[in-house]
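Next comes data15.cif, a file with mmCIF, C-alpha atoms.
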data_work
loop_
_atom_site.group_PDB
_atom_site.id
_atom_site.type_symbol
_atom_site.label_atom_id
_atom_site.label_comp_id
_atom_site.auth_asym_id
_atom_site.auth_seq_id
_atom_site.Cartn_x
_atom_site.Cartn_y
_atom_site.Cartn_z
ATOM 1 C CA MET J 84 5.410 38.456 -61.603
ATOM 2 C CA GLN J 85 7.238 40.949 -59.528
ATOM 3 C CA GLU J 86 9.082 39.444 -56.578
ATOM 4 C CA GLN J 87 8.049 40.780 -53.199
ATOM 5 C CA GLU J 88 10.924 41.959 -51.103
ATOM 6 C CA PHE J 89 11.009 41.732 -47.315
ATOM 7 C CA PRO J 90 13.215 43.839 -45.117
ATOM 8 C CA LEU J 91 16.297 42.010 -43.905
ATOM 9 C CA SER J 92 15.223 42.319 -40.274
ATOM 10 C CA GLN J 93 11.859 40.696 -41.084
ATOM 11 C CA ASN J 94 13.607 37.805 -42.864
ATOM 12 C CA ASN J 95 15.879 37.290 -39.871
ATOM 13 C CA ASN J 96 12.888 37.211 -37.496
ATOM 14 C CA LEU J 97 11.167 34.612 -39.686
ATOM 15 C CA VAL J 98 14.298 32.446 -39.746
ATOM 16 C CA ASN J 99 14.680 32.781 -35.978
ATOM 17 C CA GLU J 100 11.084 31.730 -35.377
ATOM 18 C CA ILE J 101 11.496 28.668 -37.609
ATOM 19 C CA GLU J 102 14.781 27.753 -35.925
ATOM 20 C CA LYS J 103 13.116 27.862 -32.530
ATOM 21 C CA GLU J 104 10.637 25.170 -33.567
ATOM 22 C CA LYS J 105 11.889 21.665 -32.820
ATOM 23 C CA GLU J 106 10.802 18.119 -32.056
ATOM 24 C CA ILE J 107 11.397 16.468 -28.720
ATOM 25 C CA ILE J 108 10.516 13.140 -27.079
ATOM 26 C CA ALA J 109 9.250 13.999 -23.614
ATOM 27 C CA LEU J 110 8.632 12.032 -20.420
ATOM 28 C CA ILE J 111 5.905 13.703 -18.329
ATOM 29 C CA ASN J 112 6.324 13.913 -14.541
ATOM 30 C CA SER J 113 3.964 12.897 -11.720
ATOM 31 C CA LYS J 114 1.780 16.022 -11.860
ATOM 32 C CA GLY J 115 0.478 15.381 -15.368
ATOM 33 C CA THR J 116 -1.352 18.383 -16.844
ATOM 34 C CA PHE J 117 -2.414 21.317 -14.670
ATOM 35 C CA ILE J 118 -3.871 24.770 -15.266
ATOM 36 C CA SER J 119 -2.480 28.186 -14.371
ATOM 37 C CA GLU J 120 -3.937 31.607 -15.072
ATOM 38 C CA ILE J 121 -1.929 34.542 -16.365
ATOM 39 C CA THR J 122 -2.993 38.145 -16.887
ATOM 40 C CA THR J 123 -1.648 40.197 -19.788
ATOM 41 C CA GLU J 124 -2.885 43.524 -21.177
ATOM 42 C CA ASN J 125 -5.937 43.367 -18.892
ATOM 43 C CA LYS J 126 -6.830 39.936 -20.228
ATOM 44 C CA SER J 127 -6.880 36.678 -18.278
ATOM 45 C CA LEU J 128 -5.590 33.617 -20.116
ATOM 46 C CA LEU J 129 -5.692 29.987 -19.105
ATOM 47 C CA VAL J 130 -2.462 28.126 -19.702
ATOM 48 C CA ALA J 131 -2.163 24.335 -19.541
ATOM 49 C CA ASN J 132 1.213 23.101 -18.231
ATOM 50 C CA ALA J 133 3.000 19.779 -18.017
ATOM 51 C CA GLU J 134 6.401 19.395 -16.395
ATOM 52 C CA LEU J 135 8.957 16.935 -17.755
ATOM 53 C CA ILE J 136 11.174 14.422 -16.008
ATOM 54 C CA ALA J 137 13.443 14.387 -19.061
ATOM 55 C CA TYR J 138 13.360 14.859 -22.812
ATOM 56 C CA ILE J 139 15.387 13.946 -25.885
ATOM 57 C CA ASP J 140 16.219 16.566 -28.505
ATOM 58 C CA CYS J 141 15.417 14.904 -31.844
ATOM 59 C CA ILE J 142 18.077 16.943 -33.660
ATOM 60 C CA ASN J 143 21.040 15.358 -31.852
ATOM 61 C CA ASN J 144 19.329 12.584 -29.760
ATOM 62 C CA GLU J 145 20.750 14.175 -26.618
ATOM 63 C CA LEU J 146 19.059 13.302 -23.309
ATOM 64 C CA HIS J 147 18.223 16.254 -21.045
ATOM 65 C CA LYS J 148 17.279 15.501 -17.439
ATOM 66 C CA SER J 149 15.832 18.813 -16.350
ATOM 67 C CA LYS J 150 12.644 20.300 -14.967
ATOM 68 C CA ALA J 151 11.602 21.656 -18.332
ATOM 69 C CA LYS J 152 7.984 22.548 -18.954
ATOM 70 C CA ILE J 153 5.616 22.538 -21.912
ATOM 71 C CA GLU J 154 2.651 24.884 -22.014
ATOM 72 C CA TRP J 155 -0.214 25.838 -24.320
ATOM 73 C CA LEU J 156 -3.217 28.137 -24.223
ATOM 74 C CA VAL J 157 -6.645 26.671 -23.478
ATOM 75 C CA THR J 158 -10.177 27.919 -22.990
ATOM 76 C CA ALA J 159 -12.393 27.209 -19.989
ATOM 77 C CA GLU J 160 -14.226 24.683 -22.157
ATOM 78 C CA ASP J 161 -10.950 23.001 -23.143
ATOM 79 C CA SER J 162 -10.031 22.587 -19.471
ATOM 80 C CA LYS J 163 -13.083 20.371 -19.025
ATOM 81 C CA ARG J 164 -12.033 18.162 -21.956
ATOM 82 C CA ASN J 165 -8.547 16.954 -21.013
ATOM 83 C CA PHE J 166 -6.857 20.264 -21.950
ATOM 84 C CA ILE J 167 -7.020 19.528 -25.730
ATOM 85 C CA TYR J 168 -3.948 17.290 -25.884
ATOM 86 C CA ASN J 169 -4.726 14.937 -22.996
ATOM 87 C CA ILE J 170 -1.133 14.804 -21.720
ATOM 88 C CA GLU J 171 -0.873 12.218 -18.912
ATOM 89 C CA LYS J 172 1.695 11.627 -16.184
ATOM 90 C CA TYR J 173 4.478 9.043 -16.700
ATOM 91 C CA HIS J 174 3.742 8.765 -20.419
ATOM 92 C CA ILE J 175 6.173 9.444 -23.263
ATOM 93 C CA TYR J 176 5.189 11.719 -26.170
ATOM 94 C CA HIS J 177 6.746 12.822 -29.456
ATOM 95 C CA LEU J 178 6.076 16.572 -29.527
ATOM 96 C CA LYS J 179 6.505 19.521 -31.861
ATOM 97 C CA VAL J 180 7.381 22.539 -29.741
ATOM 98 C CA LYS J 181 8.716 26.070 -29.918
ATOM 99 C CA GLU J 182 11.539 26.910 -27.544
ATOM 100 C CA ALA J 183 10.538 29.877 -25.406
ATOM 101 C CA ASP J 184 13.620 29.774 -23.182
ATOM 102 C CA ALA J 185 16.088 27.241 -21.811
ATOM 103 C CA ASN J 186 13.540 25.252 -19.789
ATOM 104 C CA ASN J 187 10.246 26.290 -21.311
ATOM 105 C CA PHE J 188 8.567 25.048 -24.508
ATOM 106 C CA LEU J 189 5.357 26.142 -26.223
ATOM 107 C CA LEU J 190 3.483 23.064 -27.408
ATOM 108 C CA ILE J 191 2.528 23.164 -31.095
ATOM 109 C CA ASN J 192 1.345 19.602 -31.657
ATOM 110 C CA VAL J 193 1.462 16.046 -30.324
ATOM 111 C CA LEU J 194 2.997 13.917 -33.100
ATOM 112 C CA GLU J 195 2.958 10.517 -31.350
ATOM 113 C CA ARG J 196 1.508 9.187 -28.088
ATOM 114 C CA ASP J 197 2.538 6.528 -25.568
ATOM 115 C CA ILE J 198 5.739 5.668 -27.380
ATOM 116 C CA HIS J 199 8.744 3.794 -26.009
ATOM 117 C CA ASN J 200 12.256 5.130 -25.937
ATOM 118 C CA GLU J 201 15.103 3.187 -24.399
ATOM 119 C CA LEU J 202 16.710 6.136 -22.624
ATOM 120 C CA LEU J 203 13.439 7.543 -21.283
ATOM 121 C CA ASP J 204 12.112 4.095 -20.299
ATOM 122 C CA GLU J 205 15.263 3.604 -18.243
ATOM 123 C CA THR J 206 14.872 7.087 -16.737
ATOM 124 C CA LEU J 207 11.285 6.266 -15.754
ATOM 125 C CA LYS J 208 12.428 3.061 -14.029
ATOM 126 C CA GLU J 209 15.041 5.007 -12.057
ATOM 127 C CA CYS J 210 12.411 7.527 -10.974
ATOM 128 C CA GLU J 211 10.020 4.778 -9.889
ATOM 129 C CA GLN J 212 12.727 3.161 -7.768
ATOM 130 C CA LYS J 213 13.514 6.443 -6.004
ATOM 131 C CA ALA J 214 10.105 8.036 -5.744
ATOM 132 C CA ALA J 215 7.458 7.070 -3.224
ATOM 133 C CA ILE J 216 4.217 5.877 -4.812
ATOM 134 C CA VAL J 217 1.349 7.370 -2.846
ATOM 135 C CA ILE J 218 -2.413 7.267 -3.274
ATOM 136 C CA GLU J 219 -4.901 9.225 -1.193
ATOM 137 C CA ASP J 220 -8.599 8.617 -0.766
ATOM 138 C CA PRO J 221 -10.675 11.244 1.058
ATOM 139 C CA ASP J 222 -12.547 8.555 3.012
ATOM 140 C CA LEU J 223 -10.006 5.729 3.294
ATOM 141 C CA GLY J 224 -6.798 7.680 3.882
ATOM 142 C CA LYS J 225 -3.252 7.761 2.531
ATOM 143 C CA PHE J 226 -1.469 4.636 1.253
ATOM 144 C CA ILE J 227 2.247 4.290 0.446
ATOM 145 C CA LEU J 228 3.586 1.448 -1.715
ATOM 146 C CA ASP J 229 6.169 -0.766 0.000
ATOM 147 C CA LYS J 230 8.068 -2.063 -3.027
ATOM 148 C CA ASN J 231 9.667 -4.941 -1.111
ATOM 149 C CA LEU J 232 6.332 -6.211 0.224
ATOM 150 C CA LYS J 233 4.522 -5.299 -3.022
ATOM 151 C CA ALA J 234 1.729 -3.799 -0.954
ATOM 152 C CA PHE J 235 0.202 -0.400 -0.192
ATOM 153 C CA LEU J 236 0.447 0.252 3.562
ATOM 154 C CA SER J 237 -1.538 2.580 5.770
ATOM 155 C CA LYS J 238 -3.112 3.034 9.201
ATOM 156 C CA SER J 239 -6.821 3.526 9.737
ATOM 157 C CA ASP J 240 -9.344 4.244 12.461
ATOM 158 C CA TRP J 241 -11.509 1.308 13.526
ATOM 159 C CA LEU J 242 -13.758 1.167 16.594
ATOM 160 C CA ASN J 243 -11.281 2.278 19.238
ATOM 161 C CA PRO J 244 -10.670 6.036 18.713
ATOM 162 C CA LYS J 245 -7.371 5.824 20.604
ATOM 163 C CA LYS J 246 -5.895 3.044 18.438
ATOM 164 C CA GLN J 247 -5.432 2.753 14.706
ATOM 165 C CA ILE J 248 -5.120 -0.552 12.881
ATOM 166 C CA ASP J 249 -2.547 -1.474 10.232
ATOM 167 C CA ILE J 250 -3.840 -1.818 6.659
ATOM 168 C CA SER J 251 -2.100 -3.718 3.863
ATOM 169 C CA LEU J 252 -3.375 -3.828 0.280
ATOM 170 C CA ASN J 253 -1.483 -6.843 -1.085
ATOM 171 C CA ILE J 254 -1.471 -5.966 -4.780
ATOM 172 C CA GLY J 255 1.584 -8.078 -5.696
ATOM 173 C CA GLU J 256 3.174 -5.291 -7.788
ATOM 174 C CA ASN J 257 6.036 -2.872 -7.140
ATOM 175 C CA THR J 258 6.026 -0.670 -10.254
ATOM 176 C CA ARG J 259 3.982 2.512 -10.428
ATOM 177 C CA ILE J 260 1.813 1.832 -13.461
ATOM 178 C CA LYS J 261 0.890 -1.762 -12.595
ATOM 179 C CA ALA J 262 0.348 -0.911 -8.922
ATOM 180 C CA LEU J 263 -2.011 1.947 -9.745
ATOM 181 C CA GLU J 264 -3.872 -0.197 -12.266
ATOM 182 C CA LYS J 265 -4.612 -2.909 -9.686
ATOM 183 C CA VAL J 266 -5.150 -0.981 -6.463
ATOM 184 C CA GLY J 267 -8.750 0.060 -7.196
ATOM 185 C CA ALA J 268 -10.230 -3.395 -6.559
ATOM 186 C CA PHE J 269 -8.377 -3.654 -3.234
ATOM 187 C CA LEU J 270 -9.668 -0.253 -2.136
ATOM 188 C CA ASN J 271 -13.212 -1.400 -2.956
ATOM 189 C CA THR J 272 -12.792 -4.426 -0.657
ATOM 190 C CA PHE J 273 -11.416 -2.266 2.153
ATOM 191 C CA GLU J 274 -14.220 0.269 1.689
ATOM 192 C CA LYS J 275 -16.860 -2.459 2.125
ATOM 193 C CA LEU J 276 -15.280 -3.425 5.453
ATOM 194 C CA VAL J 277 -14.965 0.178 6.641
ATOM 195 C CA ASN J 278 -18.529 1.106 5.707
ATOM 196 C CA ASN J 279 -19.842 -1.730 7.882
ATOM 197 C CA LYS J 280 -17.055 -1.871 10.455
ATOM 198 C CA LYS J 281 -19.296 -2.456 13.490
ATOM 199 C CA GLU J 282 -21.096 -5.375 11.873
ATOM 200 C CA TRP J 283 -17.849 -6.930 10.597
ATOM 201 C CA ASP J 284 -16.079 -6.450 13.936
ATOM 202 C CA LYS J 285 -18.902 -8.204 15.795
ATOM 203 C CA LYS J 286 -19.208 -10.965 13.210
ATOM 204 C CA LEU J 287 -15.473 -11.733 13.273
ATOM 205 C CA LYS J 288 -15.265 -11.749 17.079
ATOM 206 C CA VAL J 289 -18.306 -14.014 17.453
ATOM 207 C CA TYR J 290 -16.885 -16.407 14.857
ATOM 208 C CA ALA J 291 -13.535 -16.518 16.685
ATOM 209 C CA ALA J 292 -15.227 -17.088 20.052
ATOM 210 C CA GLU J 293 -17.444 -19.889 18.761
ATOM 211 C CA ASN J 294 -14.469 -21.735 17.283
ATOM 212 C CA LEU J 295 -11.718 -21.001 19.815
ATOM 213 C CA VAL J 296 -13.312 -20.681 23.269
ATOM 214 C CA GLY J 297 -12.909 -24.439 23.809
ATOM 215 C CA LEU J 298 -9.200 -24.221 23.012
ATOM 216 C CA ALA J 299 -8.814 -21.297 25.412
ATOM 217 C CA ASN J 300 -10.411 -23.346 28.218
ATOM 218 C CA GLU J 301 -8.228 -26.359 27.431
ATOM 219 C CA LEU J 302 -5.165 -24.120 27.770
ATOM 220 C CA ARG J 303 -6.451 -22.947 31.179
ATOM 221 C CA LYS J 304 -6.722 -26.553 32.363
ATOM 222 C CA ASN J 305 -3.025 -27.054 31.583
ATOM 223 C CA SER J 306 -1.950 -23.884 33.394
ATOM 224 C CA LYS J 307 -0.770 -23.501 36.964
ATOM 225 C CA GLY J 308 -2.439 -21.819 39.887
ATOM 226 C CA MET J 309 -5.995 -20.554 40.043
ATOM 227 C CA PHE J 310 -6.266 -19.943 36.282
ATOM 228 C CA LYS J 311 -7.070 -23.605 35.653
ATOM 229 C CA PHE J 312 -10.313 -23.194 37.611
ATOM 230 C CA ILE J 313 -11.493 -20.003 35.772
ATOM 231 C CA LYS J 314 -13.617 -20.778 32.744
ATOM 232 C CA VAL J 315 -13.492 -18.522 29.681
ATOM 233 C CA TRP J 316 -17.053 -17.731 28.621
ATOM 234 C CA LYS J 317 -17.928 -16.738 25.074
ATOM 235 C CA TRP J 318 -18.890 -13.183 26.061
ATOM 236 C CA ARG J 319 -15.585 -12.752 27.900
ATOM 237 C CA PHE J 320 -13.649 -14.073 24.892
ATOM 238 C CA ILE J 321 -15.346 -11.500 22.629
ATOM 239 C CA ALA J 322 -14.594 -8.668 25.057
ATOM 240 C CA ARG J 323 -10.897 -9.581 25.358
ATOM 241 C CA ILE J 324 -9.851 -9.727 21.697
ATOM 242 C CA GLU J 325 -9.236 -6.604 19.548
ATOM 243 C CA LEU J 326 -8.610 -6.069 15.820
ATOM 244 C CA ILE J 327 -5.075 -4.837 15.094
ATOM 245 C CA SER J 328 -4.666 -5.273 11.318
ATOM 246 C CA LEU J 329 -6.431 -5.960 8.026
ATOM 247 C CA SER J 330 -4.679 -7.444 4.991
ATOM 248 C CA ILE J 331 -6.654 -7.071 1.770
ATOM 249 C CA ASN J 332 -6.094 -9.770 -0.860
ATOM 250 C CA PRO J 333 -7.437 -10.261 -4.410
ATOM 251 C CA ASN J 334 -11.053 -11.196 -5.208
ATOM 252 C CA GLY J 335 -12.568 -9.612 -2.106
ATOM 253 C CA GLU J 336 -10.592 -11.765 0.354
ATOM 254 C CA PHE J 337 -9.076 -10.391 3.546
ATOM 255 C CA ILE J 338 -7.171 -11.486 6.657
ATOM 256 C CA ALA J 339 -8.152 -9.953 10.001
ATOM 257 C CA THR J 340 -5.584 -10.195 12.806
ATOM 258 C CA PHE J 341 -6.701 -9.824 16.438
ATOM 259 C CA ASP J 342 -4.764 -9.295 19.638
ATOM 260 C CA ASP J 343 -5.662 -12.294 21.805
ATOM 261 C CA GLY J 344 -5.983 -10.353 25.074
ATOM 262 C CA LYS J 345 -3.595 -12.958 26.593
ATOM 263 C CA LEU J 346 -6.155 -15.737 26.088
ATOM 264 C CA PHE J 347 -3.465 -17.655 24.195
ATOM 265 C CA LEU J 348 -0.398 -16.238 25.934
ATOM 266 C CA GLY J 349 0.130 -13.514 23.310
ATOM 267 C CA HIS J 350 -0.425 -15.577 20.157
ATOM 268 C CA LYS J 351 -2.419 -13.604 17.584
ATOM 269 C CA ILE J 352 -5.812 -14.750 16.276
ATOM 270 C CA ILE J 353 -6.009 -14.894 12.458
ATOM 271 C CA ILE J 354 -9.362 -14.905 10.623
ATOM 272 C CA ASN J 355 -9.809 -15.346 6.853
ATOM 273 C CA GLY J 356 -12.873 -13.867 5.169
ATOM 274 C CA ASN J 357 -14.376 -12.567 1.944
ATOM 275 C CA VAL J 358 -16.585 -9.488 1.521
ATOM 276 C CA ASN J 359 -18.255 -10.965 -1.558
ATOM 277 C CA GLY J 360 -21.094 -12.872 0.069
ATOM 278 C CA GLU J 361 -19.824 -11.796 3.509
ATOM 279 C CA LEU J 362 -18.154 -15.117 4.204
ATOM 280 C CA ILE J 363 -15.792 -16.029 7.029
ATOM 281 C CA ASN J 364 -13.708 -19.004 5.985
ATOM 282 C CA SER J 365 -11.405 -19.964 8.856
ATOM 283 C CA VAL J 366 -9.814 -18.918 12.127
ATOM 284 C CA ILE J 367 -6.558 -20.035 13.763
ATOM 285 C CA VAL J 368 -4.292 -19.028 16.634
ATOM 286 C CA GLU J 369 -0.967 -18.071 15.068
ATOM 287 C CA ASN J 370 1.950 -20.421 15.857
ATOM 288 C CA PHE J 371 -0.020 -22.073 18.649
ATOM 289 C CA ASN J 372 -0.203 -25.782 19.467
ATOM 290 C CA ILE J 373 -1.929 -26.897 22.666
ATOM 291 C CA GLU J 374 0.237 -30.018 22.715
ATOM 292 C CA ASP J 375 3.322 -27.862 23.283
ATOM 293 C CA TYR J 376 1.828 -26.624 26.542
ATOM 294 C CA LYS J 377 0.772 -30.135 27.568
ATOM 295 C CA LYS J 378 4.311 -31.369 27.002
ATOM 296 C CA VAL J 379 5.724 -28.653 29.232
ATOM 297 C CA GLU J 380 3.403 -29.759 32.072
ATOM 298 C CA ALA J 381 4.173 -33.416 31.384
ATOM 299 C CA VAL J 382 7.929 -32.848 31.635
ATOM 300 C CA ILE J 383 7.467 -30.985 34.907
ATOM 301 C CA ASN J 384 5.299 -33.781 36.294
ATOM 302 C CA GLU J 385 7.803 -36.432 35.176
ATOM 303 C CA GLU J 386 10.646 -34.522 36.817
ATOM 304 C CA ASN J 387 8.629 -34.220 40.031
ATOM 305 C CA SER J 388 7.750 -37.933 40.001
ATOM 306 C CA THR J 389 11.396 -38.865 39.346
ATOM 307 C CA ASP J 390 12.525 -36.712 42.252
ATOM 308 C CA ASN J 391 9.888 -38.324 44.496
ATOM 309 C CA LYS J 392 10.996 -41.817 43.467
ATOM 310 C CA GLU J 393 14.626 -40.979 44.248
ATOM 311 C CA LYS J 394 13.612 -39.602 47.647
ATOM 312 C CA VAL J 395 11.608 -42.787 48.396
ATOM 313 C CA VAL J 396 14.578 -44.979 47.408
ATOM 314 C CA GLU J 397 16.867 -42.868 49.569
ATOM 315 C CA ASN J 398 14.480 -43.228 52.541
ATOM 316 C CA ILE J 399 14.233 -46.983 52.069
ATOM 317 C CA THR J 400 18.031 -47.252 51.899
ATOM 318 C CA VAL J 401 18.398 -45.204 55.071
ATOM 319 C CA ILE J 402 15.823 -47.317 56.934
ATOM 320 C CA LYS J 403 17.526 -50.575 55.870
ATOM 321 C CA SER J 404 20.974 -49.341 56.926
ATOM 322 C CA GLU J 405 19.625 -48.368 60.352
ATOM 323 C CA LYS J 406 18.074 -51.798 60.823
ATOM 324 C CA ASN J 407 21.367 -53.485 59.936
ATOM 325 C CA LYS J 408 23.118 -51.425 62.582
ATOM 326 C CA GLU J 409 20.662 -52.673 65.174
#

What is this structure when it is put down as structure tokens?
Amino acid sequence: MQEQEFPLSQNNNLVNEIEKEKEIIALINSKGTFISEITTENKSLLVANAELIAYIDCINNELHKSKAKIEWLVTAEDSKRNFIYNIEKYHIYHLKVKEADANNFLLINVLERDIHNELLDETLKECEQKAAIVIEDPDLGKFILDKNLKAFLSKSDWLNPKKQIDISLNIGENTRIKALEKVGAFLNTFEKLVNNKKEWDKKLKVYAAENLVGLANELRKNSKGMFKFIKVWKWRFIARIELISLSINPNGEFIATFDDGKLFLGHKIIINGNVNGELINSVIVENFNIEDYKKVEAVINEENSTDNKEKVVENITVIKSEKNKE
């Protein structure tokens, strides 16, 4: 068989193409996979892209922390089916690629998925500590994870258009993956409250009034001045208090915090409830003890009575001394 000869330049091109192919272990950034459209020779092509946080070159195990990018051609149909390779954010992949330039790779194949690599796992942890973890819902708003509190925090409209209330989704996690895995159930609880906010607001206020109006009147009796003669009626109690925050807990439970409208001298009203079955479990006045206010009055009264006794003794002594002089 006669050997086929290739021109030297063609051999060199073949070698160069093979040399450009390589394997990398890549950590995908927060954007995941996205589509861009390019036009070449009067043709429009869809290109899937995924940016990297870092990658390891499998030839020398060297870690590269750069904004490199992998890309591959897709069809319109592919774009509806996870872009062929289903590359997801914050996952680590073993990839076969072709180096297009210094920070751009053409994806040839995904060799392994969701693998662990010590260097890239550590890089991911560093990124999670620095980066803000944010979720946005078109109806419920924007939530940012407070890693110290292990809760997603936000502000939301309630019934008063001029005031927003504080929202806390107490997920109990401070890492990105676990936080995002758990937050869905908490958003469902919050959504149930928001969708029926008028009914819940009324229900919570009526419950607080029924259980605390007696305590509010007892506090009035121990106060000074004309306040002790003004009774707090249930309707007035309901009108005075206002929701200021909602804390969402696991299993459909929540804590609603109300401004007391100075019914309890600034102590907040705390109500525990559950959206599953629409239950309200308990209500308290935060850090409030009626006995503390009784003691204050008692001390004042004792001081007044002691002063009166001393004055009486002084008067008696003066009267006796005057009689002795006579």

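The two atoms in question, atom CA of J:Ile139 and atom CA of J:Ala109, are spaced 6.5 Å apart.
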
Exercise. Using only C-alpha atoms, which residue out of J:Ile248, J:Val366, J:Gly297, J:Arg259 lies closest to J:Leu326?
Worked result: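 For J:Leu326, the nearest of the candidates is J:Ile248.
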
For this session: Check the smallest atom-to-atom distance from each of J:Leu203, J:Ile107, J:Val277, J:Leu228 to J:Val180 using all atoms listed in the file, then report the winner.
Result: J:Ile107

Exercise. So which residues touch J:Leu298 within 10 Å, counting only C-alpha atoms, skipping near sequence neighbours fewer than 5 positions away, as a ChimeraX atom specification?
Worked result: /J:292,303-304,315,346-347,368,372-373

Exercise. Counting only C-alpha atoms, which of J:Asp140, J:Asp375, J:Glu154, J:Asp229 gets nearest to J:Ala262?
Worked result: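 Smallest distance to J:Ala262 is found for J:Asp229.
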
For this session: Check the smallest atom-to-atom distance from each of J:Gly356, J:Asn332, J:Asp184, J:Gln247 to J:Lys233 using only C-alpha atoms, then report the winner.
Result: J:Asn332

Problem set entry | Distance in Å - atom CA of J:Asp249 versus atom CA of J:Ile353 |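 That distance, rounded to one decimal, is 14.0 Å.
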
For this session: Expand the PyMOL selection byres ((chain J and resi 144) around 12) into the individual residues it matches in the shown file, reporting them as a count of residues only.
Result: 17

For this session: Using the chain letters and numbers from the file, give me the residues hit by the PyMOL selection byres ((chain J and resi 256) around 12), as an NGL selection string.
Result: :J and (216 or 228-235 or 252-255 or 257-266)

For this session: Can you pull out every residue within 12 Å of J:Asp220, counting all atoms listed in the file, but drop anything in the same chain fewer than 6 positions away, and send it as a list in words?
Result: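 The residues satisfying every condition are Phe226, Ile227, Ser237, Ser239, Val266, Gly267, Leu270, Asn271, Phe273 and Glu274 of chain J.
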
Seminar exercise, completed: Pairwise distance, atom CA of J:Ile352 with atom CA of J:Lys238, equals 19.3 Å
